Amino acid sequence: MKNFWVFFYFLFLVLILVLLTPISIGQLTPSETRILFQVQKLLEYPAALQGWTNWTNFCYLPPSPSLKIVCSHRHVTELTVIGNNTSPSHSPKPASWNSIPSQQTLSEGFSIDAFFTVLTKLSNLQVLSLVSLGLWGHLPAKINRFWSLQVLNISKNFFFGEIPASIFPLKNITSLVLADNLFNGSVPDLKPLTFLQELNLGNNHLGPAFPSLGNNLVSVILRNNSLKSEIPSKFIQFDKLQKFDISYNNIVGPITSSLFSLPSIQYLNLAENQLSGALTVNMTCSDMLQFVDISHNLLTGKLPSCIGTKKSSNLTVLYTWNCLSSGQINYQNPSSHCKKEALAVKPPIQRHKLLPSMKLDLTLGIIGGIVGITVLLAVLVLVIWWKSKVNRAADNKFEGSFADKISLQGSLRPNNGARHVCRTVRLPALGLPPHQIFTLEEIEDATNNFDPSNFKGEGSQGQLYNGCLRDGSVVLVNCVKLKQKNMLPSFMQQMAVLPKLRHRHLVSVLGHCIVTYQDHPNTAASVFIVLEKISSGSLRDHLTDWRKKEILKWPERLAITIGVARGVQFLHREVAPGIFGNSFKIENILLDESLNAKIGGYNILNASENLGSIENAEKEDIYLLGVILLEIFTGRHITSASELENLKLELERGLSESVSVLRSAADPSLQGTYTYESIRTTAQITIDCLCRESSSWTTCNP
């Protein structure tokens with residue numbers, strides 16, 4: 001009898017477990033299982049979808065940041081796949097439609113229409129996220145078959161053409177994220193999407209008209225497009241709006257004061273447009289407001305009190321490089337500039353749809369510059385290497401270098417309004433103010449009188465301090481002392497190059513301060529060089545910290561390598577006189593929040609008398625670039641000349657013997673994210689760079 005009750009109790013527990021098991025994690029129908037395998041094949045087996053077998057239960061997959069499948073009643077209701085492909089904002093600018101497909105996209109055999117034909121058979125999908133997968137082509141109209149869809153995210157791909165009007169039937173959509181693609185033209189009327197709360201169309205080429213939107217939106221991001229119109233007055237009805245970002249467009253006209261007083265608004269970014277006129281001085285601001293950026297526009301008059309003198313302590317306000325008469329006027333343009341530019345800026349004439357031929361010309365220009373990353377890498381590095389052989393007279397013929405013609409800007413937005421912007425406004429294209437001559441008092445104020453807590457360490461040319469300027473900018477201050485008075489005239493001539501040291505792939509110089517001493521026994525002068533602060537860590541940090549290393553797959557490492565090569569070329573060829581002997585090392589390659597590489601620790605004060613010949617110094621730089629390439633390729637921290645030589649020999653053996661040897665030399669964490677041709681080319685370039693004479697490392701014979 002006792003055994004009976006034990007058996008009964010066991011059955012009872014099993015029954016309870018069965019009843020409590022959610023239906024949402026049951027096995028899929030055979031048809032939807034087959035569809036997922038078809039999706040895997042059509043996406044060309046990305047890393048996130050590896051390891052599937054006929055016994056895989058897709059509703060019980062382990063948690064993963066790159067894959068999420070949610071099931072309900074034996075149907076897929078959520079599919080999230082995040083790949084490793086480079087997005088358009090981190091890719092070379094396309095040169096023609098023939099450049100797509102490219103190294104960053106799926107292959108030429110990929111069909112976006114066939115892919116969505118299969119995918120839309122998952123008719124119960126409520127959440128669909130396909131990010132960084134290299135998808136390319138026109139977004140098919142059949143997307144309207146997702147009748148249950150609530151969230152659509154296809155960001156960081158290569159969709160081009162206009163956004164289809166067929167998106168209208170997605171009546172249940174609450175979040176629409178199409179950011180970082182190559183969409184162009186006008187946005188269809190989105191007012192029928194009455195449940196839409198989040199809209200992100202940033203980093204495309206949409207415009208010139210402002211999209212028509214419903215007033216239930218909570219977040220609207222349209223930054224970095226080609227919008228050229230006024231801000232619609234209807235936004236005063238957007239009571240739920242919390243985030244509004246239309247920065248980096250060509251928006252014209254005045255800013256309505258009601259934007260600042262929307263009851264729910266928290267984040268308002270209107271920077272880098274052509275907004276003009278004066279703000280209402282006595283306007284009111286919402287108590288919810290936390291961030292406002294109206295910088296780099298054509299605004300005049302006084303700063304309103306609610307974002308100026310009486311602003312809340314919880315509110316951050318950026319307003320530099322307008323023509324305002326209050327606040328930090330040292331960071332404003334003269335009023336005549338804004339008046340002149342505002343007269344030159346006119347809202348666009350409303351026109352009917354572009355003719356097909358005009359649309360083709362526009363999209364050809366947008367897609368025009370995408371080239372394979374591997375080819376670009378090879379050309380950039382070899383251009384630098386080749387140029388080190390030619391004499392200085394011959395170099396003058398090549399001032400318009402190949403790298404000048406290729407944009408690696410984070411944005412692909414064409415600068416349609418550049419002709420209306422004077423020199424002082426063009427300089428902040430990198431997000432930086434014009435070069436500034438600081439006073440010693442300002443330097444002491446920024447570093448809190450060189451407080452020891454701000455001391456960062458000894459740099460290659462002086463002491464480094466963390467600092468904060470009066471406008472709130474976080475900076476780095478390099479303190480350099482000149483001891484020999486007879487070198488002072490030469491030193492002062494070198495200072496003329498400082499304002500030129502600005503580049504997307506350099507830690508740029510923001511300004512400087514010079515203090516000379518007449519009677520000091522040990523120091524003739526001190527120069528304080530103010531640099532931009534890059535706070536996301538070095539490339540060394542990312543390669544040694546396994547958590548950070550996970551995001552540095554092959555496409556990211558190639559983009560970083562290209563950035564470093566362009567920075568080196570800028571120092572050698574695009575600054576006069578060229579800057580050599582930079583002692584490049586991977587610890588001084590810094591990465592910003594977008595993984596954009598910036599070279600730090602370069603030879604800011606080009607003391608050529610200590611470098612030997614320029615030719616040898618240039619060869620030394622190329623050799624050290626090869627060392628960095630080797631560490632990026634292998635993922636290893638090279639600590640000795642012998643270790644360097646062994647790794648170099650391993651690459652040479654892989655190039656001459658077998659595929660497996662070369663692949664074994666590559667960082668194991670890169671497996672599945674590269675093609676053999678790509679790593680072979682990179683390995684060959686690395687070897688070429690390392691076959692240079694160097695006083696610091698073992699040399700190799702040519």
# chains A, B, ... in the order shown; residues from 1 in each chain; ligands from 1

$ residues_around --residues "Asn203 (chain A)" --least-positions-apart "5" --cutoff "10 Å" --atoms "only C-alpha atoms" --output "count of residues only"
21

$ select_by_dssp --residues "region 44-173 of chain A" --states "strand (DSSP E or B)" --output "PyMOL selection string"
chain A and resi 64+67-72+75-82+95+127-131+136-138+151-153+158-161

$ residues_around --residues "Glu198 (chain A)" --least-positions-apart "4" --cutoff "8 Å" --atoms "only C-alpha atoms" --output "ChimeraX atom specification"
/A:174-177,217-220

$ atom_distance --atom1 "CA of Thr117 (chain A)" --atom2 "CA of Trp55 (chain A)"
25.2 Å

$ closest_residue --among "A:Arg470, A:Gly600, A:Tyr465, A:His572" --to "Ser508 (chain A)" --atoms "only C-alpha atoms"
A:Gly600

$ closest_residue --among "A:Asn603, A:Asn330, A:Asn250, A:Ser658" --to "Leu275 (chain A)" --atoms "only C-alpha atoms"
A:Asn250

$ residues_around --residues "region 441-446 of chain A" --least-positions-apart "2" --cutoff "8 Å" --atoms "only C-alpha atoms" --output "CSV table (one decimal) with N, CA, C and O atoms, in the first residue's frame"
chain,number,residue,atom,x,y,z
A,438,PHE,N,44.5,78.8,-25.4
A,438,PHE,CA,44.1,78.9,-24.0
A,438,PHE,C,45.0,79.8,-23.2
A,438,PHE,O,46.2,79.9,-23.5
A,439,THR,N,44.5,80.4,-22.1
A,439,THR,CA,45.4,81.1,-21.2
A,439,THR,C,45.8,80.1,-20.1
A,439,THR,O,45.2,79.0,-19.9
A,448,ASN,N,42.2,71.8,-12.4
A,448,ASN,CA,42.1,72.0,-10.9
A,448,ASN,C,43.5,72.2,-10.4
A,448,ASN,O,43.9,71.6,-9.4
A,449,ASN,N,44.2,73.2,-11.0
A,449,ASN,CA,45.6,73.5,-10.6
A,449,ASN,C,46.5,72.3,-10.6
A,449,ASN,O,47.3,72.1,-9.7
A,450,PHE,N,46.3,71.4,-11.6
A,450,PHE,CA,47.1,70.2,-11.8
A,450,PHE,C,47.0,69.3,-10.6
A,450,PHE,O,48.0,68.8,-10.1
A,467,GLY,N,41.2,66.7,-17.7
A,467,GLY,CA,40.7,68.1,-17.5
A,467,GLY,C,39.3,68.2,-17.9
A,467,GLY,O,38.7,67.4,-18.6
A,468,CYS,N,38.7,69.3,-17.5
A,468,CYS,CA,37.3,69.7,-17.9
A,468,CYS,C,37.3,71.2,-18.2
A,468,CYS,O,37.6,72.0,-17.3
A,469,LEU,N,36.9,71.5,-19.4
A,469,LEU,CA,36.9,72.9,-19.8
A,469,LEU,C,35.6,73.6,-19.3
A,469,LEU,O,34.7,72.9,-18.8
A,470,ARG,N,35.6,74.9,-19.4
A,470,ARG,CA,34.5,75.6,-18.8
A,470,ARG,C,33.1,75.4,-19.5
A,470,ARG,O,32.1,75.6,-18.9
A,513,CYS,N,48.4,76.2,-25.1
A,513,CYS,CA,48.8,77.3,-24.3
A,513,CYS,C,50.3,77.3,-24.2
A,513,CYS,O,50.9,76.2,-23.9
A,528,PHE,N,51.2,73.6,-23.1
A,528,PHE,CA,50.1,72.7,-22.7
A,528,PHE,C,49.2,72.5,-23.9
A,528,PHE,O,48.5,73.4,-24.4

$ atom_distance --atom1 "CA of Gln197 (chain A)" --atom2 "CA of Ser261 (chain A)"
19.5 Å

$ residues_around --residues "Glu587 (chain A)" --least-positions-apart "5" --cutoff "12 Å" --atoms "only C-alpha atoms" --output "number ranges by chain"
A: 459, 537-544, 597-602, 627-628, 631-632, 637-638

$ closest_residue --among "A:Leu28, A:Leu476, A:Leu571, A:Leu624" --to "Ser72 (chain A)" --atoms "only C-alpha atoms"
A:Leu28

$ select_by_dssp --residues "region 101-233 of chain A" --states "helix (DSSP H, G or I)" --output "ChimeraX atom specification"
/A:112-119,141-145,165-167,233

$ write_last_selection --atoms "N, CA and C atoms" --output "compact mmCIF listing (two decimals), in the first residue's frame"
# COMPACT_ATOMS: atom_id res chain seq x y z
N ILE A 112 16.67 39.10 -51.52
CA ILE A 112 15.86 39.62 -50.42
C ILE A 112 14.40 39.23 -50.59
N ASP A 113 13.96 39.12 -51.84
CA ASP A 113 12.58 38.74 -52.09
C ASP A 113 12.33 37.29 -51.67
N ALA A 114 13.25 36.40 -52.04
CA ALA A 114 13.12 35.00 -51.65
C ALA A 114 13.18 34.84 -50.14
N PHE A 115 14.04 35.63 -49.51
CA PHE A 115 14.18 35.55 -48.06
C PHE A 115 12.87 35.92 -47.36
N PHE A 116 12.24 37.03 -47.77
CA PHE A 116 11.00 37.44 -47.12
C PHE A 116 9.83 36.55 -47.52
N THR A 117 9.90 35.93 -48.68
CA THR A 117 8.87 34.96 -49.05
C THR A 117 8.83 33.82 -48.04
N VAL A 118 10.00 33.35 -47.64
CA VAL A 118 10.09 32.29 -46.64
C VAL A 118 9.74 32.82 -45.25
N LEU A 119 10.31 33.96 -44.92
CA LEU A 119 10.17 34.48 -43.56
C LEU A 119 8.72 34.82 -43.22
N ALA A 141 7.53 44.60 -50.61
CA ALA A 141 6.18 45.00 -50.20
C ALA A 141 5.48 43.91 -49.41
N LYS A 142 5.91 42.66 -49.59
CA LYS A 142 5.25 41.54 -48.90
C LYS A 142 5.48 41.54 -47.40
N ILE A 143 6.21 42.55 -46.90
CA ILE A 143 6.38 42.66 -45.45
C ILE A 143 5.03 42.85 -44.76
N ASN A 144 4.02 43.29 -45.53
CA ASN A 144 2.69 43.49 -44.92
C ASN A 144 1.99 42.18 -44.58
N ARG A 145 2.61 41.04 -44.92
CA ARG A 145 2.02 39.75 -44.55
C ARG A 145 2.19 39.43 -43.07
N ALA A 165 5.35 51.83 -49.15
CA ALA A 165 4.08 52.24 -48.55
C ALA A 165 3.31 51.04 -48.00
N SER A 166 3.72 49.84 -48.37
CA SER A 166 3.03 48.63 -47.90
C SER A 166 3.19 48.41 -46.41
N ILE A 167 3.97 49.29 -45.77
CA ILE A 167 4.12 49.17 -44.33
C ILE A 167 2.84 49.60 -43.61
N SER A 233 4.60 72.26 -37.30
CA SER A 233 3.96 72.84 -36.11
C SER A 233 3.12 71.82 -35.35

$ closest_residue --among "A:Glu532, A:Asp451, A:Glu550, A:Glu272" --to "Ser669 (chain A)" --atoms "only C-alpha atoms"
A:Glu550

$ residues_around --residues "Leu299 (chain A)" --least-positions-apart "6" --cutoff "10 Å" --atoms "only C-alpha atoms" --output "ChimeraX atom specification"
/A:253-255,274-279,319,321-325,332-333,335,338-339,342
